[in-house]
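Visitor: Can you read through this structure? Questions will come right after.
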There are 4 protein chains.
Amino acid sequence: MTDYLHTEIEVEVPFYDVDAMGVAWHGNYVKYCETARCRLLQMIDYDYPKMRDSGFIWPVVELWLKYVRPARYGQRLRVRAALTEYENRLRVEFRIHDAVTGERMTEGYSLQVAVDAVSGELQYVSPTALLERVEKRR
Amino acid sequence: MTDYLHTEIEVEVPFYDVDAMGVAWHGNYVKYCETARCRLLQMIDYDYPKMRDSGFIWPVVELWLKYVRPARYGQRLRVRAALTEYENRLRVEFRIHDAVTGERMTEGYSLQVAVDAVSGELQYVSPTALLERVEKRR
Amino acid sequence: MTDYLHTEIEVEVPFYDVDAMGVAWHGNYVKYCETARCRLLQMIDYDYPKMRDSGFIWPVVELWLKYVRPARYGQRLRVRAALTEYENRLRVEFRIHDAVTGERMTEGYSLQVAVDAVSGELQYVSPTALLERVEKRR
Amino acid sequence: MTDYLHTEIEVEVPFYDVDAMGVAWHGNYVKYCETARCRLLQMIDYDYPKMRDSGFIWPVVELWLKYVRPARYGQRLRVRAALTEYENRLRVEFRIHDAVTGERMTEGYSLQVAVDAVSGELQYVSPTALLERVEKRR
């Protein structure tokens with residue numbers, strides 16, 4: 001993932017994310033990934049409000065997560081998001097590690113496609129609004 | 001609460017709402033109350049989309065909850081919502097009981113005020129859109 | 001999915017699950033799937049508390065979701081969960097349709113593996129506690 | 001709140017906390033308060049795991065929140081938690097301000113009581129485990 005546009009955030013597993021088994025409930029990782037993806041999109045100035053302003057919405061159409069190790073209350077996680085595709089759709093890859101030990105915790109990806117906010121039409125090529133922003137950063 | 005417009009829903013405490021102590025995390029009751037309040041507002045045909053159509057939004061401005069007994073995974077809760085004020089603001093009172101034993105679990109209330117969706121102005125008297133709907137049901 | 005042990009639940013998209021784009025936030029579908037999976041496991045009397053009593057925990061190790069259509073506030077969804085593997089791990093497949101129109105909304109799967117609650121050891125063959133319960137239902 | 005033991009955290013309103021009205025859903029503030037309260041309890045080394053180790057659980061028995069201004073996606077909030085009672089119960093007061101403008105957003109409090117983890121008995125005087133920790137910090 002080295003060459004891709006990427007970023008990292010840190011998350012401390014909050015009490016309300018921990019389930020009866022004493023580990024972060026698996027569905028909560030979607031939030032950690034979303035926070036990292038938003039930060040990544042902010043880097044190219046194409047966060048949700050800017051997407052909408054550009055005339056497109058970008059629904060998540062696919063999500064995959066693989067859980068390697070469970071995380072516990074107060075554990076600090078480093079969440080890395082990398083933009084691995086952008087020409088026809090947004091593919092963001094996630095790697096979550098323990099922020100202290102560096103142990104691999106979780107990995108995954110999400111796919112988003114552009115949809116015209118007015119017509120509702122799916123775009124098979126990413127709109128210029130995205131392409132320009134990504135290429136400026138390369 | 002007998003004479004007020006009211007309704008009841010049933011909630012089964014889901015796994016993802018239970019915390020590391022093995023009980024429903026206290027913040028999750030806000031969801032149970034919200035679901036009951038939405039059902040109550042549907043009874044007078046003034047649910048969120050209808051509020052917006054009427055030109056007003058109704059933000060929650062106050063919330064109070066008192067937790068009498070903890071709820072566990074799979075426990076079935078009966079959530080009662082009653083409209084106890086509507087002339088100047090919406091006051092909804094909640095009573096949560098165990099659906100099987102009838103034990104009292106939680107109680108509370110929420111307050112909402114009308115805000116003009118265009119001007120953002122707070123309304124000190126509830127708009128006709130609400131008043132007519134409530135009075136039709138009395 | 002016809003021959004597999006399966007079940008269906010109905011979910012009404014709650015207000016607090018809807019995001020700024022007016023559709024159910026993609027991470028919330030993990031909850032809908034979890035609720036359906038819990039119901040499925042209850043059918044074989046092997047829900048979370050029973051898992052723990054049998055000496056095993058069953059963490060979700062993989063999750064995949066594909067979003068075909070967005071769901072809106074109040075939309076009623078039919079969530080089907082089917083047990084498509086159980087010998088070495090639990091694989092549950094999900095199909096979410098609009099409860100009224102039958103339109104396909106979302107699909108996915110989750111994988112869980114048995115872990116000995118005391119030793120923390122991963123089980124490469126599902127424990128008897130699960131096998132017996134599934135085979136009784138076939 | 002100046003003299004009380006207190007702390008502050010910063011929260012950036014995440015996308016998944018924003019509702020269809022474009023503002024943070026009121027139930028999500030319970031999470032912001034919880035995060036601040038956990039930080040406060042960490043200051044006296046009496047966070048959830050330490051509570052349990054001391055033989056007591058501390059369920060939230062009351063919660064009150066007053067919403068003054070709505071918060072939007074990406075808005076940075078400063079959440080202050082202060083320990084205003086501890087002799088017989090834990091009372092934590094919350095003040096949420098915009099981290100940039102300083103505008104008052106939300107305020108509230110939570111009450112927790114000690115319950116013996118084994119007998120389940122409610123404690124009308126806070127256990128020594130808490131009293132010693134608080135007094136050491138004063």
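By convention here, the chains of the structure tokens are called A, B, ... in the order presented, each chain's residues are numbered starting at 1, and ligands are numbered starting at 1 in the order presented.
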Please determine the contact residues of chain C with respect to chain A at a cut-off of 7 Å, counting only C-alpha atoms, and supply them as an MDAnalysis selection string.
Guide: chainID C and resid 26:27 30 60:68
Visitor: Could you write out the selected residues, including N, CA, C and O atoms, as a JSON list (two decimals), in the first residue's frame?
Guide:
```json
[["chain", "number", "residue", "atom", "x", "y", "z"],
["C", 26, "HIS", "N", -24.36, 2.57, 5.80],
["C", 26, "HIS", "CA", -24.02, 1.19, 5.43],
["C", 26, "HIS", "C", -23.58, 0.34, 6.63],
["C", 26, "HIS", "O", -23.81, -0.88, 6.65],
["C", 27, "GLY", "N", -22.98, 0.96, 7.63],
["C", 27, "GLY", "CA", -22.54, 0.19, 8.79],
["C", 27, "GLY", "C", -23.69, -0.38, 9.61],
["C", 27, "GLY", "O", -23.51, -1.36, 10.34],
["C", 30, "VAL", "N", -24.89, -4.19, 9.50],
["C", 30, "VAL", "CA", -24.26, -5.23, 10.33],
["C", 30, "VAL", "C", -25.18, -5.59, 11.50],
["C", 30, "VAL", "O", -25.27, -6.75, 11.90],
["C", 60, "VAL", "N", -16.75, -13.39, 15.09],
["C", 60, "VAL", "CA", -16.88, -13.16, 13.65],
["C", 60, "VAL", "C", -15.46, -12.89, 13.12],
["C", 60, "VAL", "O", -14.77, -12.01, 13.64],
["C", 61, "VAL", "N", -15.02, -13.66, 12.14],
["C", 61, "VAL", "CA", -13.68, -13.47, 11.61],
["C", 61, "VAL", "C", -13.69, -12.87, 10.20],
["C", 61, "VAL", "O", -12.66, -12.44, 9.69],
["C", 62, "GLU", "N", -14.86, -12.84, 9.59],
["C", 62, "GLU", "CA", -14.94, -12.24, 8.26],
["C", 62, "GLU", "C", -16.37, -11.77, 8.02],
["C", 62, "GLU", "O", -17.32, -12.40, 8.49],
["C", 63, "LEU", "N", -16.48, -10.68, 7.30],
["C", 63, "LEU", "CA", -17.80, -10.11, 7.01],
["C", 63, "LEU", "C", -17.74, -9.49, 5.62],
["C", 63, "LEU", "O", -16.78, -8.78, 5.30],
["C", 64, "TRP", "N", -18.75, -9.78, 4.81],
["C", 64, "TRP", "CA", -18.80, -9.17, 3.49],
["C", 64, "TRP", "C", -20.22, -8.71, 3.25],
["C", 64, "TRP", "O", -21.18, -9.44, 3.56],
["C", 65, "LEU", "N", -20.35, -7.50, 2.73],
["C", 65, "LEU", "CA", -21.68, -6.97, 2.44],
["C", 65, "LEU", "C", -21.67, -6.29, 1.08],
["C", 65, "LEU", "O", -20.72, -5.57, 0.75],
["C", 66, "LYS", "N", -22.70, -6.53, 0.31],
["C", 66, "LYS", "CA", -22.85, -5.87, -0.99],
["C", 66, "LYS", "C", -24.17, -5.11, -0.95],
["C", 66, "LYS", "O", -25.23, -5.68, -0.66],
["C", 67, "TYR", "N", -24.09, -3.82, -1.26],
["C", 67, "TYR", "CA", -25.26, -2.95, -1.16],
["C", 67, "TYR", "C", -25.80, -2.69, -2.55],
["C", 67, "TYR", "O", -25.13, -2.07, -3.38],
["C", 68, "VAL", "N", -26.99, -3.17, -2.81],
["C", 68, "VAL", "CA", -27.57, -3.05, -4.14],
["C", 68, "VAL", "C", -28.43, -1.80, -4.25],
["C", 68, "VAL", "O", -28.35, -1.05, -5.23]]
```
Visitor: As a list in words, please: all residues of stretch 65-134 of chain B that backbone DSSP puts in helix (DSSP H, G or I).
Guide: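 DSSP on the backbone gives helix (DSSP H, G or I) at Thr128, Ala129, Leu130, Leu131, Glu132, Arg133 and Val134 of chain B.
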Visitor: Could you turn the residues from that selection into a file that holds N, CA and C atoms, as a compact mmCIF listing (two decimals), in the first residue's frame?
Guide:
```
# COMPACT_ATOMS: atom_id res chain seq x y z
N THR B 128 -49.76 25.08 13.67
CA THR B 128 -51.08 24.50 13.39
C THR B 128 -50.97 23.07 12.89
N ALA B 129 -49.96 22.81 12.09
CA ALA B 129 -49.76 21.46 11.54
C ALA B 129 -49.78 20.40 12.64
N LEU B 130 -49.20 20.73 13.79
CA LEU B 130 -49.24 19.77 14.91
C LEU B 130 -50.55 19.85 15.66
N LEU B 131 -50.97 21.07 15.99
CA LEU B 131 -52.17 21.24 16.83
C LEU B 131 -53.38 20.53 16.24
N GLU B 132 -53.58 20.73 14.93
CA GLU B 132 -54.73 20.10 14.26
C GLU B 132 -54.67 18.58 14.35
N ARG B 133 -53.47 18.06 14.14
CA ARG B 133 -53.33 16.59 14.17
C ARG B 133 -53.62 16.03 15.57
N VAL B 134 -53.11 16.69 16.60
CA VAL B 134 -53.33 16.18 17.96
C VAL B 134 -54.81 16.28 18.32
```
Visitor: Between B:Asp53, B:Asp116, B:Glu85, B:Glu121, which has the minimum distance to B:Leu5 (counting only C-alpha atoms)?
Guide: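 Of B:Asp53, B:Asp116, B:Glu85, B:Glu121, the one nearest B:Leu5 is B:Glu85, counting only C-alpha atoms.
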Visitor: Return the single residue from D:Arg39, D:Lys50, D:Arg138, D:His6 that is closest to D:Arg80, with distances computed using only C-alpha atoms.
Guide: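 Counting only C-alpha atoms, the residue closest to D:Arg80 is D:His6.
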Visitor: Please identify the strand (DSSP E) residues within stretch 4-138 of chain A (assignment by DSSP from backbone atoms) and present them as a VMD selection string.
Guide: chain A and resid 5 to 12 56 to 57 60 to 67 76 to 85 90 to 98 104 to 112 115 to 116
Visitor: I need the residues from that last selection saved to file as a tab-separated table (two decimals), in the first residue's frame (with N, CA and C atoms), if you can.
Guide:
```tsv
chain	number	residue	atom	x	y	z
A	5	LEU	N	-2.15	6.97	-2.22
A	5	LEU	CA	-2.55	8.05	-1.31
A	5	LEU	C	-3.12	7.39	-0.05
A	6	HIS	N	-2.60	7.75	1.09
A	6	HIS	CA	-3.06	7.08	2.31
A	6	HIS	C	-2.98	8.00	3.52
A	7	THR	N	-3.61	7.57	4.58
A	7	THR	CA	-3.55	8.30	5.83
A	7	THR	C	-3.73	7.34	7.00
A	8	GLU	N	-3.51	7.82	8.19
A	8	GLU	CA	-3.70	7.00	9.38
A	8	GLU	C	-4.39	7.81	10.46
A	9	ILE	N	-5.28	7.16	11.17
A	9	ILE	CA	-5.88	7.79	12.34
A	9	ILE	C	-5.67	6.85	13.53
A	10	GLU	N	-5.89	7.38	14.71
A	10	GLU	CA	-5.82	6.51	15.88
A	10	GLU	C	-7.18	6.49	16.56
A	11	VAL	N	-7.62	5.32	16.98
A	11	VAL	CA	-8.90	5.15	17.65
A	11	VAL	C	-8.62	4.45	18.97
A	12	GLU	N	-9.25	4.92	20.05
A	12	GLU	CA	-9.15	4.22	21.32
A	12	GLU	C	-10.50	3.53	21.53
A	56	PHE	N	-22.49	14.83	-6.99
A	56	PHE	CA	-22.51	13.36	-6.90
A	56	PHE	C	-22.60	12.89	-5.46
A	57	ILE	N	-23.25	11.75	-5.29
A	57	ILE	CA	-23.14	11.07	-4.01
A	57	ILE	C	-22.34	9.80	-4.28
A	60	VAL	N	-21.49	3.60	-0.50
A	60	VAL	CA	-20.68	2.38	-0.34
A	60	VAL	C	-21.48	1.23	-0.96
A	61	VAL	N	-20.89	0.51	-1.90
A	61	VAL	CA	-21.60	-0.59	-2.55
A	61	VAL	C	-21.04	-1.95	-2.15
A	62	GLU	N	-19.90	-1.94	-1.49
A	62	GLU	CA	-19.34	-3.22	-1.04
A	62	GLU	C	-18.42	-2.96	0.14
A	63	LEU	N	-18.41	-3.90	1.06
A	63	LEU	CA	-17.59	-3.78	2.26
A	63	LEU	C	-17.11	-5.17	2.65
A	64	TRP	N	-15.82	-5.28	2.93
A	64	TRP	CA	-15.28	-6.57	3.37
A	64	TRP	C	-14.36	-6.31	4.55
A	65	LEU	N	-14.50	-7.12	5.58
A	65	LEU	CA	-13.65	-6.98	6.75
A	65	LEU	C	-13.19	-8.35	7.21
A	66	LYS	N	-11.92	-8.44	7.55
A	66	LYS	CA	-11.38	-9.68	8.10
A	66	LYS	C	-10.81	-9.36	9.48
A	67	TYR	N	-11.26	-10.12	10.47
A	67	TYR	CA	-10.90	-9.84	11.85
A	67	TYR	C	-9.83	-10.84	12.29
A	76	ARG	N	-5.57	1.04	21.95
A	76	ARG	CA	-5.39	2.06	20.93
A	76	ARG	C	-5.07	1.40	19.60
A	77	LEU	N	-5.89	1.74	18.60
A	77	LEU	CA	-5.76	1.14	17.27
A	77	LEU	C	-5.31	2.20	16.27
A	78	ARG	N	-4.41	1.81	15.39
A	78	ARG	CA	-3.97	2.65	14.30
A	78	ARG	C	-4.70	2.16	13.06
A	79	VAL	N	-5.50	3.03	12.45
A	79	VAL	CA	-6.31	2.64	11.29
A	79	VAL	C	-5.75	3.33	10.06
A	80	ARG	N	-5.27	2.55	9.11
A	80	ARG	CA	-4.69	3.10	7.89
A	80	ARG	C	-5.68	2.91	6.75
A	81	ALA	N	-5.90	3.96	5.99
A	81	ALA	CA	-6.77	3.89	4.81
A	81	ALA	C	-5.96	4.31	3.60
A	82	ALA	N	-6.04	3.52	2.53
A	82	ALA	CA	-5.30	3.83	1.30
A	82	ALA	C	-6.24	3.79	0.11
A	83	LEU	N	-6.10	4.76	-0.77
A	83	LEU	CA	-6.94	4.83	-1.96
A	83	LEU	C	-6.30	3.99	-3.07
A	84	THR	N	-6.81	2.78	-3.30
A	84	THR	CA	-6.15	1.86	-4.23
A	84	THR	C	-6.80	1.82	-5.61
A	85	GLU	N	-7.96	2.46	-5.78
A	85	GLU	CA	-8.59	2.62	-7.10
A	85	GLU	C	-9.38	3.90	-7.09
A	90	LEU	N	-14.28	4.23	-6.17
A	90	LEU	CA	-13.36	4.47	-5.06
A	90	LEU	C	-13.16	3.15	-4.33
A	91	ARG	N	-11.91	2.69	-4.30
A	91	ARG	CA	-11.62	1.52	-3.49
A	91	ARG	C	-10.66	1.97	-2.39
A	92	VAL	N	-11.07	1.78	-1.15
A	92	VAL	CA	-10.23	2.16	-0.04
A	92	VAL	C	-9.88	0.89	0.74
A	93	GLU	N	-8.58	0.70	0.95
A	93	GLU	CA	-8.15	-0.47	1.72
A	93	GLU	C	-7.78	-0.07	3.14
A	94	PHE	N	-8.17	-0.90	4.08
A	94	PHE	CA	-7.95	-0.62	5.50
A	94	PHE	C	-7.02	-1.64	6.13
A	95	ARG	N	-6.14	-1.14	6.98
A	95	ARG	CA	-5.30	-2.02	7.81
A	95	ARG	C	-5.35	-1.46	9.21
A	96	ILE	N	-5.78	-2.28	10.14
A	96	ILE	CA	-5.83	-1.84	11.53
A	96	ILE	C	-4.80	-2.62	12.35
A	97	HIS	N	-3.95	-1.87	13.03
A	97	HIS	CA	-2.93	-2.47	13.89
A	97	HIS	C	-3.07	-1.93	15.30
A	98	ASP	N	-2.57	-2.68	16.26
A	98	ASP	CA	-2.46	-2.16	17.62
A	98	ASP	C	-1.45	-1.01	17.57
A	104	ARG	N	-1.15	-6.92	13.98
A	104	ARG	CA	-2.19	-6.81	12.98
A	104	ARG	C	-3.53	-7.20	13.62
A	105	MET	N	-4.55	-6.36	13.49
A	105	MET	CA	-5.83	-6.61	14.13
A	105	MET	C	-6.92	-6.95	13.11
A	106	THR	N	-7.08	-6.09	12.12
A	106	THR	CA	-8.21	-6.18	11.20
A	106	THR	C	-7.77	-5.63	9.86
A	107	GLU	N	-8.35	-6.15	8.78
A	107	GLU	CA	-8.11	-5.51	7.49
A	107	GLU	C	-9.39	-5.57	6.66
A	108	GLY	N	-9.44	-4.80	5.59
A	108	GLY	CA	-10.65	-4.80	4.79
A	108	GLY	C	-10.59	-3.80	3.67
A	109	TYR	N	-11.71	-3.66	2.98
A	109	TYR	CA	-11.80	-2.63	1.93
A	109	TYR	C	-13.25	-2.20	1.81
A	110	SER	N	-13.42	-1.04	1.21
A	110	SER	CA	-14.77	-0.60	0.84
A	110	SER	C	-14.73	-0.12	-0.60
A	111	LEU	N	-15.85	-0.28	-1.28
A	111	LEU	CA	-16.01	0.23	-2.64
A	111	LEU	C	-17.14	1.24	-2.66
A	112	GLN	N	-16.92	2.33	-3.37
A	112	GLN	CA	-17.97	3.34	-3.55
A	112	GLN	C	-18.06	3.69	-5.02
A	115	VAL	N	-22.79	8.42	-8.04
A	115	VAL	CA	-24.16	8.44	-8.52
A	115	VAL	C	-24.53	9.91	-8.70
A	116	ASP	N	-25.07	10.26	-9.87
A	116	ASP	CA	-25.50	11.63	-10.12
A	116	ASP	C	-26.60	11.99	-9.12
```
Visitor: Rank nothing, just name the residue among B:Lys136, B:Ala99, B:Cys38, B:Glu87 nearest to B:Gln123, using only C-alpha atoms.
Guide: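 Ranking B:Lys136, B:Ala99, B:Cys38, B:Glu87 by distance to B:Gln123, first place goes to B:Glu87.
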Visitor: In Å, with one decimal, what is the gap from atom CA of B:Arg72 to atom CA of D:Pro127?
Guide: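 Atom CA of D:Pro127 lies at a distance of 25.5 Å from atom CA of B:Arg72.
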